[in-house]
$ cat my_file_37.csv   # CSV, C-alpha atoms
chain,number,residue,atom,x,y,z
A,1,MET,CA,-15.8,-60.3,85.5
A,2,THR,CA,-13.9,-63.6,85.3
A,3,THR,CA,-13.4,-65.4,82.1
A,4,ASP,CA,-15.1,-68.6,83.3
A,5,GLN,CA,-18.4,-67.0,84.3
A,6,PRO,CA,-21.4,-65.9,82.2
A,7,GLN,CA,-21.8,-62.3,81.2
A,8,SER,CA,-23.1,-60.0,84.0
A,9,LEU,CA,-23.7,-56.4,84.6
A,10,CYS,CA,-20.5,-54.3,84.5
A,11,LEU,CA,-20.1,-51.3,86.7
A,12,PRO,CA,-19.3,-48.0,84.9
A,13,ARG,CA,-15.7,-47.2,84.2
A,14,PRO,CA,-13.7,-44.3,85.6
A,15,THR,CA,-14.7,-40.9,84.2
A,16,HIS,CA,-12.7,-39.8,81.2
A,17,SER,CA,-12.4,-36.2,80.2
A,18,ALA,CA,-14.7,-35.0,77.4
A,19,PRO,CA,-11.8,-34.0,75.1
A,20,VAL,CA,-10.3,-37.5,75.3
A,21,LEU,CA,-13.7,-39.1,74.6
A,22,PHE,CA,-14.5,-36.7,71.7
A,23,GLY,CA,-11.0,-37.1,70.3
A,24,ALA,CA,-11.2,-40.9,70.4
A,25,GLY,CA,-14.6,-40.8,68.7
A,26,ALA,CA,-13.4,-38.4,66.1
A,27,ALA,CA,-10.3,-40.5,65.3
A,28,ILE,CA,-12.6,-43.5,64.8
A,29,GLY,CA,-15.0,-41.4,62.7
A,30,VAL,CA,-12.2,-40.2,60.4
A,31,LEU,CA,-11.0,-43.8,59.8
A,32,GLY,CA,-14.4,-44.9,58.9
A,33,GLY,CA,-15.3,-41.8,56.9
A,34,MET,CA,-12.3,-42.1,54.7
A,35,ILE,CA,-13.6,-45.4,53.4
A,36,GLY,CA,-17.3,-44.5,53.5
A,37,LEU,CA,-18.2,-46.4,56.7
A,38,GLY,CA,-19.1,-45.5,60.2
A,39,GLY,CA,-16.0,-46.9,61.8
A,40,ALA,CA,-17.7,-49.0,64.5
A,41,GLU,CA,-15.4,-52.0,63.8
A,42,PHE,CA,-12.5,-49.8,64.9
A,43,ARG,CA,-14.4,-48.4,67.9
A,44,LEU,CA,-15.1,-51.8,69.5
A,45,PRO,CA,-11.5,-52.7,70.3
A,46,LEU,CA,-10.9,-49.2,71.5
A,47,LEU,CA,-13.8,-49.6,74.0
A,48,ILE,CA,-12.3,-52.8,75.2
A,49,GLY,CA,-8.6,-52.1,75.1
A,50,LEU,CA,-8.3,-48.4,75.9
A,51,PHE,CA,-11.4,-47.7,78.0
A,52,GLY,CA,-11.5,-51.0,79.8
A,53,PHE,CA,-15.1,-52.1,79.1
A,54,ALA,CA,-15.9,-55.8,79.3
A,55,ALA,CA,-16.9,-57.5,76.0
A,56,LEU,CA,-20.7,-57.3,76.3
A,57,SER,CA,-20.7,-53.8,77.7
A,58,ALA,CA,-18.4,-52.6,74.9
A,59,VAL,CA,-20.8,-54.2,72.3
A,60,ILE,CA,-23.8,-52.5,73.8
A,61,LEU,CA,-22.1,-49.1,73.9
A,62,ASN,CA,-20.8,-49.6,70.4
A,63,LYS,CA,-24.3,-50.4,69.2
A,64,ALA,CA,-25.7,-47.2,70.7
A,65,MET,CA,-23.0,-45.1,69.1
A,66,SER,CA,-23.4,-46.9,65.8
A,67,LEU,CA,-27.1,-46.2,65.8
A,68,VAL,CA,-26.4,-42.4,66.3
A,69,VAL,CA,-23.9,-42.4,63.4
A,70,VAL,CA,-26.3,-44.2,61.1
A,71,LEU,CA,-29.2,-41.9,62.0
A,72,VAL,CA,-27.0,-38.9,61.1
A,73,ALA,CA,-25.5,-40.4,58.0
A,74,LEU,CA,-28.8,-41.6,56.4
A,75,PRO,CA,-30.2,-38.1,55.4
A,76,ALA,CA,-26.8,-37.1,54.0
A,77,ARG,CA,-26.6,-40.4,52.1
A,78,LEU,CA,-30.1,-40.0,50.7
A,79,ALA,CA,-29.2,-36.5,49.5
A,80,ALA,CA,-26.3,-37.9,47.6
A,81,VAL,CA,-28.4,-40.7,46.0
A,82,PRO,CA,-32.0,-39.6,45.2
A,83,ALA,CA,-34.6,-41.2,47.5
A,84,ALA,CA,-36.7,-42.0,44.4
A,85,GLU,CA,-33.9,-44.0,43.0
A,86,ILE,CA,-33.4,-45.9,46.2
A,87,ALA,CA,-37.2,-46.5,46.5
A,88,THR,CA,-37.2,-48.5,43.2
A,89,ARG,CA,-34.8,-50.9,44.9
A,90,TRP,CA,-37.1,-51.7,47.8
A,91,PRO,CA,-37.2,-55.4,46.9
A,92,VAL,CA,-33.5,-55.6,47.7
A,93,ALA,CA,-33.9,-54.1,51.1
A,94,VAL,CA,-36.9,-56.2,51.9
A,95,ASN,CA,-35.1,-59.4,50.8
A,96,LEU,CA,-32.2,-58.7,53.1
A,97,LEU,CA,-34.3,-57.5,56.0
A,98,ALA,CA,-36.3,-60.7,55.9
A,99,GLY,CA,-33.1,-62.4,57.2
A,100,SER,CA,-31.3,-59.6,59.0
A,101,LEU,CA,-34.0,-58.8,61.5
A,102,LEU,CA,-34.1,-62.4,62.6
A,103,GLY,CA,-30.3,-62.5,62.6
A,104,ALA,CA,-30.0,-59.4,64.8
A,105,TRP,CA,-32.4,-60.8,67.4
A,106,ALA,CA,-30.5,-64.1,67.4
A,107,GLY,CA,-27.1,-62.5,67.5
A,108,ALA,CA,-27.9,-60.3,70.4
A,109,SER,CA,-29.4,-63.3,72.2
A,110,TRP,CA,-26.3,-65.3,71.7
A,111,ALA,CA,-24.1,-62.5,72.8
A,112,VAL,CA,-25.8,-62.0,76.2
A,113,ARG,CA,-25.7,-65.8,76.8
A,114,MET,CA,-22.0,-66.3,75.9
A,115,ARG,CA,-19.4,-66.6,78.6
A,116,SER,CA,-17.0,-63.6,78.7
A,117,ALA,CA,-14.0,-65.6,77.3
A,118,THR,CA,-16.1,-67.0,74.5
A,119,LEU,CA,-17.4,-63.6,73.5
A,120,TYR,CA,-13.9,-62.1,73.3
A,121,ARG,CA,-12.8,-64.9,71.0
A,122,VAL,CA,-15.9,-64.5,68.8
A,123,LEU,CA,-15.3,-60.8,68.6
A,124,ALA,CA,-11.7,-61.4,67.6
A,125,ALA,CA,-12.8,-63.8,64.8
A,126,LEU,CA,-15.4,-61.3,63.5
A,127,MET,CA,-12.7,-58.5,63.4
A,128,VAL,CA,-10.7,-60.8,61.1
A,129,LEU,CA,-13.8,-61.2,59.0
A,130,MET,CA,-14.3,-57.5,58.8
A,131,ALA,CA,-10.6,-57.0,57.8
A,132,VAL,CA,-11.1,-59.5,54.9
A,133,ALA,CA,-14.4,-57.8,53.9
A,134,LEU,CA,-12.7,-54.5,53.9
A,135,VAL,CA,-10.0,-55.6,51.5
A,136,VAL,CA,-12.4,-57.5,49.2
A,137,THR,CA,-14.8,-54.5,49.0
A,138,HIS,CA,-12.3,-51.7,48.4
A,139,ILE,CA,-9.4,-53.3,46.6
A,140,THR,CA,-10.7,-56.2,44.6
A,141,THR,CA,-13.3,-56.1,41.9
A,142,VAL,CA,-16.6,-57.4,43.1
A,143,ASP,CA,-18.8,-58.7,40.2
A,144,ALA,CA,-22.5,-59.6,40.5
A,145,LEU,CA,-23.4,-63.3,40.6
A,146,ALA,CA,-25.8,-64.4,37.8
A,147,LEU,CA,-28.2,-66.1,40.1
A,148,PRO,CA,-31.8,-66.9,39.1
A,149,LEU,CA,-34.6,-65.2,41.1
A,150,GLY,CA,-35.5,-68.5,42.8
A,151,ALA,CA,-31.9,-68.8,44.2
A,152,ARG,CA,-31.3,-65.1,44.8
A,153,ILE,CA,-34.2,-64.6,47.2
A,154,PRO,CA,-33.2,-67.4,49.7
A,155,ALA,CA,-29.5,-66.4,49.3
A,156,GLY,CA,-30.5,-62.8,50.3
A,157,VAL,CA,-32.4,-64.0,53.3
A,158,ALA,CA,-29.5,-66.3,54.4
A,159,ALA,CA,-26.9,-63.6,53.9
A,160,GLY,CA,-29.1,-61.1,55.7
A,161,PHE,CA,-29.4,-63.4,58.7
A,162,GLY,CA,-25.7,-63.9,58.9
A,163,ILE,CA,-25.0,-60.1,58.6
A,164,GLY,CA,-27.7,-59.2,61.1
A,165,ALA,CA,-26.2,-61.7,63.6
A,166,VAL,CA,-22.6,-60.4,63.1
A,167,ALA,CA,-23.7,-56.8,63.4
A,168,ALA,CA,-25.6,-57.5,66.6
A,169,ILE,CA,-22.7,-59.4,68.2
A,170,MET,CA,-20.2,-56.7,67.3
A,171,GLY,CA,-22.4,-53.7,67.8
A,172,VAL,CA,-21.8,-52.4,64.3
A,173,ALA,CA,-24.0,-51.3,61.4
A,174,GLY,CA,-22.8,-54.1,59.1
A,175,GLY,CA,-22.1,-52.0,56.1
A,176,GLU,CA,-18.8,-53.7,55.5
A,177,LEU,CA,-20.7,-56.9,54.8
A,178,LEU,CA,-23.9,-55.5,53.4
A,179,ILE,CA,-22.3,-53.5,50.6
A,180,PRO,CA,-20.5,-56.4,48.9
A,181,THR,CA,-23.5,-58.6,49.5
A,182,ILE,CA,-25.8,-56.2,47.7
A,183,VAL,CA,-23.3,-55.9,44.8
A,184,LEU,CA,-22.8,-59.6,44.5
A,185,LEU,CA,-26.4,-60.8,44.9
A,186,PHE,CA,-28.3,-57.9,43.3
A,187,GLY,CA,-25.8,-56.3,40.9
A,188,GLU,CA,-26.1,-52.8,42.3
A,189,ASP,CA,-23.3,-50.3,42.0
A,190,ILE,CA,-21.2,-49.4,45.1
A,191,LYS,CA,-22.8,-46.0,45.6
A,192,THR,CA,-26.4,-47.4,45.5
A,193,ALA,CA,-25.3,-50.4,47.6
A,194,GLY,CA,-24.0,-48.0,50.3
A,195,SER,CA,-27.4,-46.2,50.6
A,196,LEU,CA,-29.3,-49.5,50.6
A,197,SER,CA,-27.0,-50.8,53.3
A,198,LEU,CA,-28.0,-47.9,55.6
A,199,LEU,CA,-31.7,-48.6,55.0
A,200,VAL,CA,-31.2,-52.2,56.0
A,201,SER,CA,-28.8,-51.4,58.9
A,202,LEU,CA,-31.2,-49.0,60.7
A,203,PRO,CA,-34.1,-51.4,61.4
A,204,THR,CA,-31.6,-54.3,61.9
A,205,MET,CA,-29.8,-52.3,64.6
A,206,LEU,CA,-33.0,-51.3,66.3
A,207,VAL,CA,-34.0,-54.9,66.6
A,208,ALA,CA,-30.7,-55.8,68.2
A,209,PHE,CA,-30.9,-52.8,70.4
A,210,ALA,CA,-34.4,-53.9,71.6
A,211,ARG,CA,-33.1,-57.4,72.4
A,212,TYR,CA,-30.1,-56.0,74.4
A,213,SER,CA,-32.5,-53.8,76.3
A,214,ARG,CA,-34.1,-56.9,77.8
A,215,ASP,CA,-30.9,-58.0,79.5
A,216,GLY,CA,-29.4,-56.7,82.7
A,217,SER,CA,-26.2,-55.7,81.0
A,218,PHE,CA,-28.1,-53.0,79.1
A,219,ALA,CA,-27.8,-50.9,82.2
A,220,VAL,CA,-24.2,-50.1,81.2
A,221,LEU,CA,-25.7,-47.6,78.7
A,222,GLY,CA,-27.6,-45.7,81.4
A,223,ALA,CA,-24.5,-45.7,83.6
A,224,ASN,CA,-22.4,-44.3,80.8
A,225,LEU,CA,-24.7,-41.8,79.0
A,226,ARG,CA,-22.1,-39.0,79.1
A,227,PHE,CA,-19.4,-41.2,77.8
A,228,THR,CA,-21.6,-42.5,75.0
A,229,ALA,CA,-22.9,-39.0,74.0
A,230,VAL,CA,-19.5,-37.3,73.8
A,231,MET,CA,-17.9,-40.2,72.0
A,232,ALA,CA,-20.8,-40.5,69.5
A,233,ALA,CA,-20.5,-36.7,68.9
A,234,GLY,CA,-16.8,-37.2,68.1
A,235,SER,CA,-17.6,-40.1,65.8
A,236,VAL,CA,-20.1,-38.1,63.8
A,237,THR,CA,-17.7,-35.1,63.5
A,238,GLY,CA,-14.9,-37.4,62.5
A,239,ALA,CA,-17.1,-39.2,60.0
A,240,VAL,CA,-17.8,-35.9,58.3
A,241,LEU,CA,-14.2,-35.0,58.2
A,242,GLY,CA,-13.2,-38.4,57.0
A,243,GLY,CA,-15.8,-38.1,54.2
A,244,LEU,CA,-14.1,-34.9,53.1
A,245,LEU,CA,-10.8,-36.8,53.0
A,246,LEU,CA,-12.4,-39.6,50.9
A,247,GLY,CA,-10.1,-40.4,48.0
A,248,VAL,CA,-7.2,-38.3,49.4
A,249,PHE,CA,-5.2,-41.5,50.3
A,250,PRO,CA,-5.0,-44.2,47.7
A,251,ASP,CA,-7.0,-47.4,48.6
A,252,LEU,CA,-3.9,-49.5,48.0
A,253,VAL,CA,-2.2,-47.8,50.9
A,254,LEU,CA,-5.2,-47.0,53.2
A,255,ILE,CA,-7.2,-50.2,53.1
A,256,PRO,CA,-4.3,-52.6,53.9
A,257,ALA,CA,-3.3,-50.3,56.8
A,258,LEU,CA,-6.8,-50.4,58.2
A,259,ALA,CA,-7.0,-54.1,57.7
A,260,VAL,CA,-3.8,-54.5,59.7
A,261,ILE,CA,-5.2,-52.4,62.5
A,262,LEU,CA,-8.2,-54.7,62.7
A,263,LEU,CA,-6.0,-57.8,62.7
A,264,VAL,CA,-3.8,-56.5,65.5
A,265,SER,CA,-6.9,-55.5,67.4
A,266,ALA,CA,-8.3,-59.0,66.9
A,267,VAL,CA,-5.2,-60.5,68.4
A,268,LYS,CA,-5.4,-58.2,71.4
A,269,VAL,CA,-9.1,-58.8,72.0
A,270,ALA,CA,-8.6,-62.6,71.7
A,271,ARG,CA,-6.0,-62.4,74.5
A,272,HIS,CA,-8.1,-60.1,76.6
A,273,THR,CA,-9.2,-61.3,80.1
$ encode --input "my_file_37.csv" --output "structure tokens"
Amino acid sequence: MTTDQPQSLCLPRPTHSAPVLFGAGAAIGVLGGMIGLGGAEFRLPLLIGLFGFAALSAVILNKAMSLVVVLVALPARLAAVPAAEIATRWPVAVNLLAGSLLGAWAGASWAVRMRSATLYRVLAALMVLMAVALVVTHITTVDALALPLGARIPAGVAAGFGIGAVAAIMGVAGGELLIPTIVLLFGEDIKTAGSLSLLVSLPTMLVAFARYSRDGSFAVLGANLRFTAVMAAGSVTGAVLGGLLLGVFPDLVLIPALAVILLVSAVKVARHT
């Protein structure tokens, strides 16, 4: 695919051994699990840089794997935070979903229409955004905004739209952005915000997935089912291991290191052809 042509269907890449795919997925899962996330933001540059997928193909494969990780993580998360407690916060999820579902459809639509070179630059910019969100969420203190109800609801819809669009374009769950948004706008604690983010992420991801399925580039998923399944299995295993390592490394060391990884990846993706 040349950089001055619109996105088109990409042929499947050369076969990689299962241990390599599983190991790569596990490494990504560990990185994400150590900070309580799925790690899709780290998987995307790996799909582009190491495995050689074009931008749109990498986004679609990343979305598929992110969906698997979220589906596995949701029951475990609900076991940690009682479902009855989360159910009482349903207005928060509904408020964000009112925007995120529309944003997911719009973001996926934009991604499939972008020229390849443009999508690489957009992905690079969004990786920088994720690096900033990572630092803000885990190192700085995030305090709730004292917004009146009349302002909080439209702010939640607008934030949801933006997050849904970003998540669709990158093929991620969007927890990096959802968690601080839930804390800022609705005053929830980090633990509750993490569970609510999964409840918002799942339907949002399904909408983006449905939109991608209408485009010819979605065939990359069918052509790489083995690749996706093995790497997703590694990601889930790594996420569990990373969760066990949660808190082992101080945030003041781990978070800046992960942010640097994202920034370096952003530079490489921006230069990708």
$ residues_around --input "my_file_37.csv" --residues "Gly32 in chain A" --least-positions-apart "3" --cutoff "10 Å" --atoms "all atoms listed in the file" --output "JSON, numbers by chain"
{"A": [26, 27, 28, 29, 35, 36, 37, 38, 39, 40, 41, 42, 43, 235, 238, 239, 240, 241, 242, 243, 246, 258]}
$ closest_residue --input "my_file_37.csv" --among "A:Ser17, A:Thr140, A:Thr88, A:Ser66" --to "Ile255 in chain A" --atoms "only C-alpha atoms"
A:Thr140
$ residues_around --input "my_file_37.csv" --residues "range 188-196 of chain A" --least-positions-apart "3" --cutoff "12 Å" --atoms "all atoms listed in the file" --output "MDAnalysis selection string"
chainID A and resid 35:38 70 73:97 137:138 141:145 173:185 199:203
$ atom_distance --input "my_file_37.csv" --atom1 "CA of Ile169 in chain A" --atom2 "CA of Ala233 in chain A"
22.8 Å
$ atom_distance --input "my_file_37.csv" --atom1 "CA of Gly52 in chain A" --atom2 "CA of Val135 in chain A"
28.7 Å
$ residues_around --input "my_file_37.csv" --residues "Leu221 in chain A" --least-positions-apart "3" --cutoff "12 Å" --atoms "only C-alpha atoms" --output "PDB file with C-alpha atoms, in the coordinates of the input"
ATOM      1  CA  LEU A   9     -23.700 -56.400  84.600  1.00  0.00           C
ATOM      2  CA  CYS A  10     -20.500 -54.300  84.500  1.00  0.00           C
ATOM      3  CA  LEU A  11     -20.100 -51.300  86.700  1.00  0.00           C
ATOM      4  CA  PRO A  12     -19.300 -48.000  84.900  1.00  0.00           C
ATOM      5  CA  ARG A  13     -15.700 -47.200  84.200  1.00  0.00           C
ATOM      6  CA  PHE A  53     -15.100 -52.100  79.100  1.00  0.00           C
ATOM      7  CA  LEU A  56     -20.700 -57.300  76.300  1.00  0.00           C
ATOM      8  CA  SER A  57     -20.700 -53.800  77.700  1.00  0.00           C
ATOM      9  CA  ALA A  58     -18.400 -52.600  74.900  1.00  0.00           C
ATOM     10  CA  VAL A  59     -20.800 -54.200  72.300  1.00  0.00           C
ATOM     11  CA  ILE A  60     -23.800 -52.500  73.800  1.00  0.00           C
ATOM     12  CA  LEU A  61     -22.100 -49.100  73.900  1.00  0.00           C
ATOM     13  CA  ASN A  62     -20.800 -49.600  70.400  1.00  0.00           C
ATOM     14  CA  LYS A  63     -24.300 -50.400  69.200  1.00  0.00           C
ATOM     15  CA  ALA A  64     -25.700 -47.200  70.700  1.00  0.00           C
ATOM     16  CA  MET A  65     -23.000 -45.100  69.100  1.00  0.00           C
ATOM     17  CA  PHE A 209     -30.900 -52.800  70.400  1.00  0.00           C
ATOM     18  CA  TYR A 212     -30.100 -56.000  74.400  1.00  0.00           C
ATOM     19  CA  SER A 213     -32.500 -53.800  76.300  1.00  0.00           C
ATOM     20  CA  ASP A 215     -30.900 -58.000  79.500  1.00  0.00           C
ATOM     21  CA  GLY A 216     -29.400 -56.700  82.700  1.00  0.00           C
ATOM     22  CA  SER A 217     -26.200 -55.700  81.000  1.00  0.00           C
ATOM     23  CA  PHE A 218     -28.100 -53.000  79.100  1.00  0.00           C
ATOM     24  CA  ASN A 224     -22.400 -44.300  80.800  1.00  0.00           C
ATOM     25  CA  LEU A 225     -24.700 -41.800  79.000  1.00  0.00           C
ATOM     26  CA  ARG A 226     -22.100 -39.000  79.100  1.00  0.00           C
ATOM     27  CA  PHE A 227     -19.400 -41.200  77.800  1.00  0.00           C
ATOM     28  CA  THR A 228     -21.600 -42.500  75.000  1.00  0.00           C
ATOM     29  CA  ALA A 229     -22.900 -39.000  74.000  1.00  0.00           C
TER      30      ALA A 229
END
$ atom_distance --input "my_file_37.csv" --atom1 "CA of Val253 in chain A" --atom2 "CA of Val128 in chain A"
18.6 Å
$ closest_residue --input "my_file_37.csv" --among "A:Gly247, A:Gly187, A:Gly49, A:Gly99" --to "Ala146 in chain A" --atoms "all atoms listed in the file"
A:Gly187
$ closest_residue --input "my_file_37.csv" --among "A:Val269, A:Leu31, A:Ile163, A:Ala133" --to "Ala54 in chain A" --atoms "all atoms listed in the file"
A:Val269
